[in-house]
$ cat model-v2.cif   # mmCIF, C-alpha atoms
data_work
loop_
_atom_site.label_atom_id
_atom_site.label_comp_id
_atom_site.auth_asym_id
_atom_site.auth_seq_id
_atom_site.Cartn_x
_atom_site.Cartn_y
_atom_site.Cartn_z
CA MET E 1 0.00 0.00 0.00
CA LYS E 2 1.29 3.44 -0.92
CA PRO E 3 2.17 5.95 1.84
CA TRP E 4 -0.83 8.11 0.98
CA LYS E 5 -0.44 10.43 3.95
CA GLU E 6 3.07 11.45 2.88
CA ILE E 7 2.08 11.69 -0.80
CA VAL E 8 -0.86 13.97 0.05
CA SER E 9 1.33 16.09 2.31
CA ARG E 10 3.68 16.80 -0.61
CA GLN E 11 0.70 17.99 -2.67
CA VAL E 12 -0.52 20.50 -0.07
CA PRO E 13 1.51 23.58 -1.19
CA THR E 14 0.20 23.25 -4.75
CA ALA E 15 -3.31 22.59 -3.49
CA VAL E 16 -3.27 25.65 -1.21
CA ALA E 17 -1.99 27.91 -4.00
CA THR E 18 -4.76 26.60 -6.27
CA LEU E 19 -7.39 27.30 -3.63
CA GLN E 20 -6.07 30.82 -3.04
CA ARG E 21 -6.34 31.63 -6.74
CA TYR E 22 -9.87 30.18 -6.81
CA CYS E 23 -10.99 32.16 -3.74
CA GLN E 24 -9.53 35.38 -5.13
CA GLN E 25 -12.05 35.20 -7.97
CA PRO E 26 -15.43 36.61 -6.84
CA SER E 27 -18.43 34.51 -7.90
CA ILE E 28 -21.53 36.00 -6.32
CA ALA E 29 -24.70 34.55 -7.84
CA ALA E 30 -27.04 36.91 -5.97
CA GLN E 31 -25.30 39.90 -7.57
CA GLN E 32 -24.20 38.21 -10.82
CA ILE E 33 -20.58 39.12 -10.14
CA GLY E 34 -17.73 37.11 -11.66
CA ILE E 35 -19.79 34.15 -12.87
CA ASN E 36 -18.30 33.79 -16.37
CA GLU E 37 -14.75 34.35 -15.12
CA THR E 38 -15.24 31.68 -12.46
CA VAL E 39 -16.61 29.18 -14.97
CA GLN E 40 -13.45 29.67 -17.03
CA LEU E 41 -11.26 29.25 -13.95
CA VAL E 42 -13.01 26.06 -12.77
CA THR E 43 -12.84 24.65 -16.29
CA ALA E 44 -9.08 25.21 -16.27
CA MET E 45 -8.80 23.57 -12.82
CA VAL E 46 -10.62 20.46 -14.07
CA ARG E 47 -8.43 20.19 -17.14
CA GLN E 48 -5.31 20.68 -15.04
CA ALA E 49 -6.43 17.67 -12.98
CA GLY E 50 -6.82 15.62 -16.18
CA GLY E 51 -10.59 15.76 -16.61
CA VAL E 52 -12.84 16.19 -19.63
CA VAL E 53 -15.09 19.18 -19.07
CA SER E 54 -18.36 20.39 -20.59
CA VAL E 55 -20.08 23.68 -19.79
CA LEU E 56 -23.87 23.24 -19.89
CA ASP E 57 -25.87 26.45 -20.37
CA ASP E 58 -29.02 25.44 -22.23
CA CYS E 59 -31.50 25.18 -19.33
CA GLY E 60 -31.33 28.73 -17.99
CA GLY E 61 -29.54 30.20 -15.01
CA ASN E 62 -25.80 30.18 -14.48
CA PRO E 63 -23.82 27.49 -16.33
CA VAL E 64 -23.44 23.99 -14.90
CA ILE E 65 -20.00 22.42 -15.25
CA CYS E 66 -19.80 18.69 -15.98
CA ALA E 67 -16.39 17.11 -15.37
CA GLU E 68 -15.51 13.47 -16.10
CA PHE E 69 -12.46 11.40 -15.19
CA ALA E 70 -12.02 7.84 -16.44
CA ALA E 71 -10.73 5.05 -14.26
CA GLY E 72 -7.00 4.39 -14.68
CA PRO E 73 -5.49 1.27 -16.30
CA HIS E 74 -5.68 -0.63 -13.01
CA GLY E 75 -8.94 0.93 -11.85
CA ASN E 76 -12.53 -0.33 -11.86
CA PRO E 77 -14.39 1.03 -14.92
CA ASP E 78 -17.69 -0.37 -13.59
CA LYS E 79 -17.81 1.96 -10.58
CA THR E 80 -18.58 5.70 -10.77
CA LEU E 81 -18.52 8.24 -7.95
CA LEU E 82 -20.25 11.58 -8.41
CA PHE E 83 -19.20 14.77 -6.60
CA TYR E 84 -21.58 17.69 -6.19
CA ASN E 85 -20.08 21.15 -5.68
CA HIS E 86 -20.98 24.76 -6.44
CA TYR E 87 -18.78 27.62 -7.57
CA ASP E 88 -21.02 30.49 -6.43
CA VAL E 89 -20.60 32.13 -3.02
CA GLN E 90 -22.58 34.34 -0.68
CA PRO E 91 -22.16 38.13 -0.89
CA PRO E 92 -19.33 39.27 1.39
CA GLU E 93 -21.27 42.07 3.11
CA PRO E 94 -20.96 43.51 5.73
CA LEU E 95 -17.47 44.34 4.49
CA ALA E 96 -16.47 46.34 7.57
CA GLU E 97 -16.68 43.19 9.72
CA TRP E 98 -13.96 41.33 7.81
CA THR E 99 -10.53 41.24 9.44
CA TYR E 100 -8.94 40.37 6.10
CA PRO E 101 -10.13 41.11 2.53
CA PRO E 102 -12.98 38.72 1.61
CA PHE E 103 -11.40 37.93 -1.75
CA GLY E 104 -7.79 38.18 -0.63
CA ALA E 105 -7.44 34.51 0.36
CA GLU E 106 -4.77 35.49 2.86
CA ILE E 107 -3.20 32.93 5.19
CA HIS E 108 -2.98 33.77 8.89
CA ASP E 109 -2.28 31.37 11.76
CA GLY E 110 -2.70 28.33 9.55
CA LYS E 111 -6.06 29.45 8.13
CA ILE E 112 -7.12 30.66 4.70
CA TYR E 113 -9.56 33.56 5.04
CA ALA E 114 -11.90 34.15 2.10
CA ARG E 115 -15.51 34.22 1.10
CA GLY E 116 -16.17 30.72 -0.23
CA ALA E 117 -13.14 29.07 1.39
CA ALA E 118 -15.43 26.74 3.37
CA ASP E 119 -18.57 27.08 1.27
CA ASN E 120 -17.72 25.60 -1.19
CA LYS E 121 -14.42 26.32 -2.94
CA GLY E 122 -12.23 24.48 -0.44
CA ASP E 123 -14.08 21.21 -0.96
CA LEU E 124 -13.98 21.36 -4.75
CA THR E 125 -10.23 22.02 -4.59
CA VAL E 126 -9.74 19.13 -2.15
CA ARG E 127 -11.47 16.73 -4.52
CA LEU E 128 -9.69 17.82 -7.67
CA GLN E 129 -6.34 17.70 -5.89
CA ALA E 130 -7.09 14.20 -4.56
CA ILE E 131 -7.72 13.11 -8.14
CA THR E 132 -4.41 14.65 -9.18
CA VAL E 133 -2.63 12.70 -6.44
CA LEU E 134 -4.22 9.43 -7.55
CA ARG E 135 -3.62 9.97 -11.27
CA GLU E 136 0.04 10.69 -10.61
CA ASN E 137 0.44 7.61 -8.42
CA GLY E 138 -0.97 4.69 -10.35
CA GLY E 139 -4.18 6.09 -11.80
CA LEU E 140 -7.76 6.62 -10.68
CA PRO E 141 -9.31 3.57 -8.99
CA CYS E 142 -12.79 4.28 -10.48
CA ASN E 143 -14.64 6.66 -12.74
CA VAL E 144 -15.31 10.09 -11.26
CA LYS E 145 -17.85 12.72 -12.27
CA PHE E 146 -18.51 16.24 -11.02
CA LEU E 147 -21.60 18.39 -11.21
CA ILE E 148 -20.52 21.94 -10.32
CA GLU E 149 -23.32 24.49 -10.38
CA GLY E 150 -23.40 28.24 -9.95
CA GLU E 151 -26.69 28.97 -8.18
CA GLU E 152 -26.64 26.99 -4.93
CA GLU E 153 -26.55 30.15 -2.83
CA ILE E 154 -29.76 31.41 -4.46
CA GLY E 155 -31.69 28.16 -4.21
CA SER E 156 -30.48 26.26 -7.32
CA PRO E 157 -33.54 27.26 -9.39
CA ALA E 158 -32.21 25.91 -12.70
CA LEU E 159 -30.51 22.76 -11.42
CA PRO E 160 -33.49 20.36 -11.65
CA ALA E 161 -33.82 21.12 -15.36
CA TYR E 162 -30.14 20.26 -15.94
CA LEU E 163 -30.43 17.05 -13.93
CA LYS E 164 -33.51 16.02 -15.87
CA ARG E 165 -32.00 16.75 -19.29
CA TYR E 166 -28.55 15.33 -18.54
CA ALA E 167 -29.49 12.50 -16.16
CA GLU E 168 -27.53 9.88 -18.09
CA ARG E 169 -24.41 12.01 -18.11
CA PHE E 170 -24.49 12.38 -14.31
CA ARG E 171 -25.56 8.82 -13.50
CA ALA E 172 -23.39 7.26 -10.78
CA ASP E 173 -23.31 4.57 -8.10
CA ALA E 174 -22.94 7.00 -5.18
CA CYS E 175 -22.49 10.70 -4.49
CA ILE E 176 -20.35 12.84 -2.19
CA TRP E 177 -22.15 16.08 -1.37
CA GLU E 178 -20.69 19.54 -1.08
CA PHE E 179 -19.95 20.39 2.56
CA GLY E 180 -18.77 19.21 5.97
CA GLY E 181 -16.27 19.94 8.68
CA LYS E 182 -14.98 19.17 12.16
CA ASN E 183 -17.01 19.79 15.28
CA VAL E 184 -15.68 21.46 18.43
CA GLN E 185 -14.24 18.14 19.62
CA GLY E 186 -12.29 17.67 16.37
CA HIS E 187 -14.43 14.89 14.91
CA PRO E 188 -15.43 15.13 11.23
CA GLN E 189 -19.17 15.67 10.88
CA MET E 190 -21.01 14.07 7.98
CA VAL E 191 -24.65 13.91 6.92
CA ALA E 192 -26.57 11.51 4.69
CA GLY E 193 -29.48 13.78 3.89
CA ILE E 194 -30.80 17.30 4.03
CA LYS E 195 -33.89 19.27 4.98
CA GLY E 196 -36.09 20.91 2.39
CA MET E 197 -37.03 24.56 2.08
CA CYS E 198 -40.08 26.70 1.43
CA TYR E 199 -38.83 30.30 1.21
CA LEU E 200 -41.68 32.81 1.21
CA GLN E 201 -42.07 36.53 0.73
CA LEU E 202 -44.99 38.32 2.35
CA TRP E 203 -45.99 41.92 1.83
CA CYS E 204 -48.78 44.27 2.77
CA HIS E 205 -49.68 47.59 1.12
CA GLY E 206 -51.81 50.07 3.06
CA ALA E 207 -51.53 53.26 0.99
CA ASP E 208 -49.86 54.76 -2.07
CA VAL E 209 -47.55 56.96 0.03
CA ASP E 210 -46.10 57.04 3.54
CA LEU E 211 -48.34 59.08 5.86
CA HIS E 212 -47.75 61.35 8.83
CA SER E 213 -47.97 59.11 11.89
CA SER E 214 -50.74 61.27 13.33
CA ASN E 215 -52.99 59.45 10.87
CA GLY E 216 -52.50 56.33 12.98
CA ALA E 217 -55.70 57.38 14.76
CA ILE E 218 -57.77 56.57 11.69
CA VAL E 219 -55.58 54.72 9.13
CA ASP E 220 -54.51 51.11 9.44
CA ASN E 221 -50.78 50.48 9.52
CA ALA E 222 -49.22 48.09 6.99
CA ALA E 223 -46.41 47.22 9.41
CA TRP E 224 -48.80 46.29 12.21
CA ARG E 225 -50.93 44.25 9.79
CA LEU E 226 -47.92 42.25 8.65
CA VAL E 227 -46.62 41.74 12.20
CA GLN E 228 -50.05 40.50 13.29
CA ALA E 229 -50.25 38.16 10.30
CA LEU E 230 -46.82 36.73 11.14
CA ALA E 231 -47.73 36.33 14.80
CA SER E 232 -50.84 34.35 13.84
CA MET E 233 -48.66 31.64 12.28
CA LYS E 234 -46.57 30.69 15.31
CA SER E 235 -47.37 30.31 18.99
CA ALA E 236 -45.39 31.64 21.94
CA ASP E 237 -44.14 28.11 22.58
CA HIS E 238 -42.83 27.95 18.99
CA ARG E 239 -45.44 25.63 17.46
CA ILE E 240 -46.40 26.47 13.87
CA LEU E 241 -50.15 27.24 13.77
CA VAL E 242 -50.78 27.01 10.02
CA ASP E 243 -53.48 24.37 9.56
CA GLY E 244 -52.08 21.14 8.11
CA PHE E 245 -48.45 22.24 8.35
CA TYR E 246 -47.45 19.06 10.16
CA GLU E 247 -49.87 16.61 8.52
CA ASP E 248 -47.32 15.08 6.09
CA VAL E 249 -44.53 14.76 8.65
CA ALA E 250 -43.79 11.06 9.08
CA PRO E 251 -43.44 9.70 12.64
CA LEU E 252 -39.84 9.21 13.73
CA THR E 253 -38.59 5.65 13.81
CA PRO E 254 -36.74 4.34 16.88
CA GLU E 255 -33.60 4.16 14.74
CA LEU E 256 -33.76 7.87 13.84
CA ILE E 257 -34.30 8.80 17.47
CA GLN E 258 -31.36 6.62 18.46
CA TYR E 259 -29.09 8.43 15.99
CA ALA E 260 -30.03 11.73 17.61
CA GLU E 261 -29.68 10.53 21.19
CA GLN E 262 -26.35 8.75 20.77
CA GLN E 263 -24.62 11.90 19.55
CA PRO E 264 -23.84 14.54 22.18
CA PHE E 265 -25.11 18.09 21.84
CA HIS E 266 -22.90 20.65 23.56
CA ALA E 267 -25.43 23.33 24.40
CA GLU E 268 -23.20 25.47 26.61
CA GLN E 269 -20.43 25.56 23.99
CA LEU E 270 -22.97 26.59 21.36
CA LYS E 271 -24.32 29.39 23.56
CA GLU E 272 -20.81 30.68 24.20
CA GLN E 273 -19.74 30.37 20.57
CA LEU E 274 -22.78 32.27 19.24
CA GLY E 275 -23.29 34.60 22.18
CA LEU E 276 -26.90 33.45 22.60
CA ARG E 277 -28.97 35.74 24.81
CA ARG E 278 -31.94 33.42 25.31
CA PRO E 279 -32.38 29.72 26.14
CA LEU E 280 -32.72 27.13 23.38
CA ILE E 281 -36.35 26.85 22.33
CA CYS E 282 -36.46 23.05 22.46
CA ALA E 283 -36.66 23.21 26.29
CA ASP E 284 -35.56 19.90 27.80
CA GLU E 285 -36.00 17.88 24.62
CA ASN E 286 -33.04 16.54 22.61
CA PRO E 287 -31.79 19.41 20.39
CA ASN E 288 -30.55 16.95 17.75
CA VAL E 289 -34.11 15.67 17.25
CA HIS E 290 -35.28 19.20 16.53
CA LEU E 291 -32.30 20.16 14.37
CA TRP E 292 -32.49 17.09 12.16
CA TYR E 293 -36.13 16.09 12.10
CA ALA E 294 -38.39 19.04 12.96
CA PRO E 295 -39.82 21.43 10.36
CA THR E 296 -39.39 25.13 11.13
CA MET E 297 -40.74 28.56 10.29
CA THR E 298 -38.25 31.42 10.64
CA ILE E 299 -38.65 35.14 10.02
CA CYS E 300 -35.51 35.96 8.03
CA GLY E 301 -36.16 39.67 7.71
CA ILE E 302 -38.76 42.43 8.05
CA GLU E 303 -38.71 45.80 6.31
CA SER E 304 -41.03 48.75 6.72
CA GLY E 305 -41.06 52.49 7.37
CA TYR E 306 -38.11 54.41 8.77
CA THR E 307 -35.24 52.70 10.61
CA GLY E 308 -32.50 55.33 10.23
CA GLU E 309 -30.86 57.52 12.84
CA GLY E 310 -33.07 59.70 15.01
CA SER E 311 -36.83 59.90 14.58
CA LYS E 312 -39.18 60.23 11.66
CA THR E 313 -42.85 60.13 12.52
CA VAL E 314 -44.24 58.11 9.66
CA LEU E 315 -47.04 55.64 9.07
CA PRO E 316 -45.55 53.19 6.52
CA ARG E 317 -47.39 52.64 3.27
CA ARG E 318 -46.01 49.12 2.93
CA ALA E 319 -44.29 46.31 4.81
CA GLN E 320 -42.64 43.10 3.70
CA ALA E 321 -41.09 40.05 5.31
CA LYS E 322 -39.21 36.97 4.24
CA LEU E 323 -39.78 33.57 5.85
CA ASP E 324 -38.02 30.27 5.47
CA CYS E 325 -39.66 27.00 6.40
CA ARG E 326 -37.25 24.08 6.71
CA LEU E 327 -39.08 20.96 5.59
CA VAL E 328 -38.69 17.26 6.37
CA PRO E 329 -39.33 14.23 4.13
CA ASN E 330 -42.87 14.07 2.66
CA GLN E 331 -43.44 17.84 2.93
CA ASP E 332 -43.84 19.75 -0.35
CA PRO E 333 -42.94 23.47 -0.63
CA ASP E 334 -45.83 24.19 -3.03
CA ASP E 335 -48.24 22.57 -0.58
CA ILE E 336 -46.84 24.63 2.30
CA LEU E 337 -47.32 27.82 0.24
CA GLU E 338 -50.99 26.94 -0.33
CA LYS E 339 -51.51 26.24 3.37
CA VAL E 340 -49.99 29.58 4.35
CA GLN E 341 -52.20 31.34 1.81
CA ARG E 342 -55.31 29.61 3.19
CA HIS E 343 -54.24 30.45 6.75
CA LEU E 344 -53.97 34.16 5.98
CA ILE E 345 -57.37 34.24 4.29
CA ARG E 346 -59.01 32.25 7.11
CA HIS E 347 -57.63 34.66 9.72
CA GLY E 348 -58.76 37.79 7.90
CA PHE E 349 -55.44 38.82 6.37
CA THR E 350 -56.69 38.95 2.80
CA ASP E 351 -54.58 42.08 2.26
CA VAL E 352 -51.36 40.22 3.02
CA GLU E 353 -49.91 38.66 -0.13
CA VAL E 354 -47.50 35.73 -0.15
CA SER E 355 -45.37 34.17 -2.87
CA LEU E 356 -42.84 31.36 -3.11
CA VAL E 357 -39.29 32.62 -3.69
CA ASN E 358 -37.78 29.14 -3.93
CA GLY E 359 -38.54 25.66 -2.71
CA GLU E 360 -36.74 22.36 -2.31
CA ARG E 361 -37.83 19.00 -0.93
CA ALA E 362 -35.96 17.06 1.76
CA TYR E 363 -33.83 13.99 1.03
CA ARG E 364 -32.49 11.23 3.27
CA SER E 365 -30.21 8.38 2.17
CA ASP E 366 -30.53 4.79 3.33
CA MET E 367 -28.30 4.76 6.40
CA HIS E 368 -27.71 1.01 5.90
CA HIS E 369 -26.19 1.43 2.43
CA PRO E 370 -22.60 0.10 2.31
CA PHE E 371 -21.38 3.38 0.84
CA VAL E 372 -22.43 5.28 3.96
CA LYS E 373 -20.35 2.93 6.11
CA MET E 374 -17.44 3.21 3.67
CA VAL E 375 -17.34 7.00 4.01
CA GLU E 376 -17.35 6.65 7.80
CA GLU E 377 -14.56 4.08 7.87
CA THR E 378 -12.24 5.94 5.51
CA ALA E 379 -12.83 9.16 7.46
CA LYS E 380 -11.65 7.46 10.64
CA GLU E 381 -8.55 6.25 8.79
CA ALA E 382 -7.80 9.76 7.48
CA TYR E 383 -8.59 11.78 10.60
CA GLY E 384 -7.58 9.29 13.27
CA VAL E 385 -10.89 9.73 15.15
CA ASP E 386 -14.45 8.52 14.71
CA ALA E 387 -16.68 10.46 12.37
CA VAL E 388 -20.04 11.84 13.53
CA LEU E 389 -22.71 10.77 11.03
CA SER E 390 -26.20 12.29 11.02
CA PRO E 391 -29.20 11.07 8.97
CA ASN E 392 -29.61 14.58 7.61
CA SER E 393 -28.42 18.15 7.97
CA ALA E 394 -30.46 20.91 9.56
CA GLY E 395 -29.72 22.94 6.43
CA THR E 396 -30.97 22.73 2.86
CA GLY E 397 -29.57 22.04 -0.59
CA PRO E 398 -30.70 20.59 -3.93
CA MET E 399 -30.27 16.94 -2.90
CA TYR E 400 -33.82 15.82 -3.72
CA PRO E 401 -33.59 16.36 -7.52
CA PHE E 402 -30.42 14.24 -7.54
CA GLY E 403 -32.48 11.39 -6.16
CA GLU E 404 -35.46 12.23 -8.36
CA TYR E 405 -33.52 12.11 -11.65
CA LEU E 406 -30.54 9.90 -10.82
CA GLY E 407 -32.39 7.34 -8.69
CA LEU E 408 -34.09 7.71 -5.32
CA SER E 409 -31.90 4.92 -3.95
CA LEU E 410 -28.74 6.96 -4.71
CA PRO E 411 -26.63 7.07 -1.51
CA ILE E 412 -25.46 10.62 -0.81
CA VAL E 413 -23.06 11.57 1.97
CA SER E 414 -21.77 15.07 2.68
CA THR E 415 -18.28 15.56 4.05
CA GLY E 416 -15.77 18.37 3.74
CA CYS E 417 -12.83 20.46 4.92
CA GLY E 418 -14.52 23.04 7.15
CA TRP E 419 -14.30 23.41 10.92
CA TRP E 420 -16.72 24.41 13.67
CA ASN E 421 -15.83 28.10 13.36
CA SER E 422 -15.54 28.33 9.57
CA ARG E 423 -18.19 31.09 9.62
CA ALA E 424 -19.69 30.21 6.25
CA HIS E 425 -22.00 33.03 5.08
CA ALA E 426 -20.44 35.36 7.69
CA PRO E 427 -17.44 37.71 7.77
CA ASP E 428 -14.03 36.06 8.26
CA GLU E 429 -15.02 32.77 6.62
CA SER E 430 -12.06 30.41 6.80
CA ILE E 431 -10.71 26.89 6.63
CA ARG E 432 -7.68 25.48 8.43
CA ILE E 433 -4.91 24.11 6.23
CA GLU E 434 -4.55 21.10 8.53
CA ASP E 435 -8.21 20.17 7.92
CA PHE E 436 -7.79 20.83 4.20
CA GLU E 437 -4.94 18.30 4.08
CA GLN E 438 -6.86 15.67 6.05
CA ALA E 439 -9.92 16.09 3.85
CA MET E 440 -7.73 15.50 0.78
CA LEU E 441 -6.37 12.32 2.34
CA HIS E 442 -9.92 11.21 3.10
CA MET E 443 -10.92 11.58 -0.55
CA VAL E 444 -7.85 9.63 -1.70
CA LEU E 445 -8.65 6.77 0.69
CA LEU E 446 -12.35 6.81 -0.18
CA LEU E 447 -11.75 6.67 -3.93
CA ASN E 448 -9.34 3.78 -3.46
CA ARG E 449 -11.83 1.84 -1.34
CA PHE E 450 -14.72 2.65 -3.68
CA GLY E 451 -12.82 1.34 -6.68
CA GLU E 452 -12.31 -1.98 -4.90
CA THR E 453 -16.04 -2.63 -4.47
CA GLN E 454 -17.96 -4.84 -6.87
CA GLY E 455 -21.30 -4.39 -8.58
#
$ encode --input "model-v2.cif" --output "C-alpha cells"
Amino acid sequence: MKPWKEIVSRQVPTAVATLQRYCQQPSIAAQQIGINETVQLVTAMVRQAGGVVSVLDDCGGNPVICAEFAAGPHGNPDKTLLFYNHYDVQPPEPLAEWTYPPFGAEIHDGKIYARGAADNKGDLTVRLQAITVLRENGGLPCNVKFLIEGEEEIGSPALPAYLKRYAERFRADACIWEFGGKNVQGHPQMVAGIKGMCYLQLWCHGADVDLHSSNGAIVDNAAWRLVQALASMKSADHRILVDGFYEDVAPLTPELIQYAEQQPFHAEQLKEQLGLRRPLICADENPNVHLWYAPTMTICGIESGYTGEGSKTVLPRRAQAKLDCRLVPNQDPDDILEKVQRHLIRHGFTDVEVSLVNGERAYRSDMHHPFVKMVEETAKEAYGVDAVLSPNSAGTGPMYPFGEYLGLSLPIVSTGCGWWNSRAHAPDESIRIEDFEQAMLHMVLLLNRFGETQG
C-alpha cells in the first residue's frame, strides 16, 4: 500500500496555492458578479487535474460544469462516484466586519480567510487535488464525475432542469455532497441527507404613500398588519399554527431517534460560541431531534417604514417580510405555500400577499447502504478519530432532484474540509490548512476503497 499520507502532504503547497487563486475570484450569484470568469477558472482547474469538461448552459440560469475522469489502467471502470459542488458564493457584506479582505485569500495562523473558502471552494479544490494525487500515483481507482453548479446560494432554481436533461451524463453509483467539517471536539461531521425549504415573501400595502404618523388614529398600519399576520402563524411556545403544516410529517422511527440521542449536543459551547442571549427553544428535549427532524418557520427579515438615525414620525405605506420553512421528508414546498395562503385568508389577512421565492424537498439516504459505512470508515482512517454521522443536515440544498432524476436509492453523503468556526455566510469565513490536508487524504482513501467494491 502506498504511503498516501506522505504523498498527500507533498501535494498541499500546490493545493493551497490553487485554492487561493480560486478564492480570489469573486463569484456572487445573488449579484451576478464574476460568474463567467469563475466558470473559465473552474474549467481550467478540471483540465489541469486531467478531466474532460463540458459547460452546460441550455437550461437557464448560471452554467453547470460537468467534469468526467475515467478510471486508470488498473482501476474499476464499472464503478462511478459523483461529486456535487458549487462555484457560487454568498455576498461578502458587511465588508467592515472582515478582518482580512474577503477575496484576498490570505493565510494567517494556519487558516485561509476568504468568502467561499469553506462554502464551497475548499471542498472542490480538495477533490480535484485528490484526483491529481491518484492519477500521478498509479491512476484513478474508479470513474469520477462532477456536477458543479453556480446557483446553490440562491436556491439552485435551474438545477433540476439540468439534472432532468442530462441525467444519463451524471448517472453514478454513489455521491459525495458539497460540505462538511470538524465539530468542536475535532471529529469530522457528515450527513446523509438534508432538509427541504419553502422560502416565502410576504408583503402588505396600506396606501400609495407614507403618511404622517398622526394618521395612525384613523388609518390602518401596513407594518402592524404584517406583524399581526406573522404572529398568527406561530405560537409563543414555537409551534407552527398554520393548519395542516405538520400533517405530512412522518413519525420518527426508533432508529432515527437513536441516531439523535447517541450523539452529544454541547449546548453550553454553542451558547458561548454564538453569544446566545436566550435559552434554546427546544426546552428539555433533545436538540438533535429538533435540528435534524423538525420542520421550522423562521422570520428571516422584516422591512417597513423608517429605521434610520433619530426619529421620523411616519405611518408606513407598505411592509414586507421573508420567511423560510425548513421541511422534512414528505413535505412539499408548493403545498406549504398553499396552506400559508389559506391560513392568511381564514384569519382575515386577505390584504397580506405571499409568494414562493424558492422551494426544495428534503432527502435522506438509506443509512444502511454500504457506501455510507465506507465513508465513515475511511474518514476514521484519514482523521484518526471517529466520524459523527447524522441522517440529515439541519440545512438545505438541492439533494432531492439528484435522487429524483438519478435514482431515489442513490446514496449521498456530505463531508468536507470546514471546521466548527468556519463562519460560512459570515465575515471572516475560513478553513484550516490542517483540515484541508486531512480532507484531501480522506478523498484519496475513499476513492481507493470505492474502486475496490464490486457491482
$ atom_distance --input "model-v2.cif" --atom1 "CA of Gly301 (chain E)" --atom2 "CA of Ala117 (chain E)"
26.1 Å
$ resolve_selection --input "model-v2.cif" --expression "the PyMOL selection byres ((chain E and resi 208) around 7)" --output "list in words"
Ala207, Val209 and Arg317 of chain E
$ resolve_selection --input "model-v2.cif" --expression "the PyMOL selection byres ((chain E and resi 193-195) around 12)" --output "count of residues only"
60
$ resolve_selection --input "model-v2.cif" --expression "the PyMOL selection byres ((chain E and resi 39) around 9)" --output "ChimeraX atom specification"
/E:34-38,40-44,55,63-65,87,150
$ atom_distance --input "model-v2.cif" --atom1 "CA of Gly348 (chain E)" --atom2 "CA of Ile281 (chain E)"
28.8 Å
$ residues_around --input "model-v2.cif" --residues "region 343-346 of chain E" --least-positions-apart "6" --cutoff "8 Å" --atoms "all atoms listed in the file" --output "number ranges by chain"
E: 229, 233, 242-243, 352
$ atom_distance --input "model-v2.cif" --atom1 "CA of Tyr166 (chain E)" --atom2 "CA of Phe146 (chain E)"
12.6 Å
$ closest_atom_pairs --input "model-v2.cif" --of "region 135-192 of chain E" --to "region 418-435 of chain E" --cutoff "6 Å" --atoms "only C-alpha atoms" --output "CSV"
residue,atom,partner,partner_atom,distance
E:Gly180,CA,E:Gly418,CA,5.8
E:Gly181,CA,E:Gly418,CA,3.9
E:Lys182,CA,E:Trp419,CA,4.5
E:Asn183,CA,E:Trp420,CA,4.9
E:Val184,CA,E:Trp420,CA,5.7
$ residues_around --input "model-v2.cif" --residues "region 17-21 of chain E" --least-positions-apart "6" --cutoff "12 Å" --atoms "all atoms listed in the file" --output "ChimeraX atom specification"
/E:11,38,41-42,44-46,48-49,102-107,111-118,120-129,430-431,433,436
$ closest_residue --input "model-v2.cif" --among "E:Phe450, E:Leu226, E:Ile7, E:Pro92" --to "Thr378 (chain E)" --atoms "only C-alpha atoms"
E:Phe450
$ residues_near_point --input "model-v2.cif" --point "(-14.5, 14.9, 12.5)" --cutoff "8 Å" --atoms "all atoms listed in the file" --output "mmCIF file with C-alpha atoms, keeping the file's coordinate frame"
data_model
loop_
_atom_site.group_PDB
_atom_site.id
_atom_site.type_symbol
_atom_site.label_atom_id
_atom_site.label_comp_id
_atom_site.auth_asym_id
_atom_site.auth_seq_id
_atom_site.Cartn_x
_atom_site.Cartn_y
_atom_site.Cartn_z
ATOM 1 C CA GLY E 181 -16.270 19.940 8.680
ATOM 2 C CA LYS E 182 -14.980 19.170 12.160
ATOM 3 C CA ASN E 183 -17.010 19.790 15.280
ATOM 4 C CA GLN E 185 -14.240 18.140 19.620
ATOM 5 C CA GLY E 186 -12.290 17.670 16.370
ATOM 6 C CA HIS E 187 -14.430 14.890 14.910
ATOM 7 C CA PRO E 188 -15.430 15.130 11.230
ATOM 8 C CA GLN E 189 -19.170 15.670 10.880
ATOM 9 C CA MET E 190 -21.010 14.070 7.980
ATOM 10 C CA ALA E 379 -12.830 9.160 7.460
ATOM 11 C CA TYR E 383 -8.590 11.780 10.600
ATOM 12 C CA VAL E 385 -10.890 9.730 15.150
ATOM 13 C CA ASP E 386 -14.450 8.520 14.710
ATOM 14 C CA ALA E 387 -16.680 10.460 12.370
ATOM 15 C CA VAL E 388 -20.040 11.840 13.530
#
$ closest_residue --input "model-v2.cif" --among "E:Cys142, E:Asp119, E:Thr307, E:Trp203" --to "Cys417 (chain E)" --atoms "all atoms listed in the file"
E:Asp119
$ decode --input "model-v2.cif" --residues "region 395-406 of chain E" --atoms "C-alpha atoms" --output "PDB file, in the first residue's frame"
ATOM      1  CA  GLY E 395     -29.720  22.943   6.432  1.00  0.00           C
ATOM      2  CA  THR E 396     -30.970  22.734   2.864  1.00  0.00           C
ATOM      3  CA  GLY E 397     -29.571  22.038  -0.587  1.00  0.00           C
ATOM      4  CA  PRO E 398     -30.705  20.592  -3.929  1.00  0.00           C
ATOM      5  CA  MET E 399     -30.268  16.944  -2.902  1.00  0.00           C
ATOM      6  CA  TYR E 400     -33.816  15.822  -3.716  1.00  0.00           C
ATOM      7  CA  PRO E 401     -33.589  16.364  -7.524  1.00  0.00           C
ATOM      8  CA  PHE E 402     -30.424  14.235  -7.540  1.00  0.00           C
ATOM      9  CA  GLY E 403     -32.481  11.390  -6.161  1.00  0.00           C
ATOM     10  CA  GLU E 404     -35.462  12.231  -8.361  1.00  0.00           C
ATOM     11  CA  TYR E 405     -33.521  12.112 -11.647  1.00  0.00           C
ATOM     12  CA  LEU E 406     -30.535   9.902 -10.820  1.00  0.00           C
TER      13      LEU E 406
END
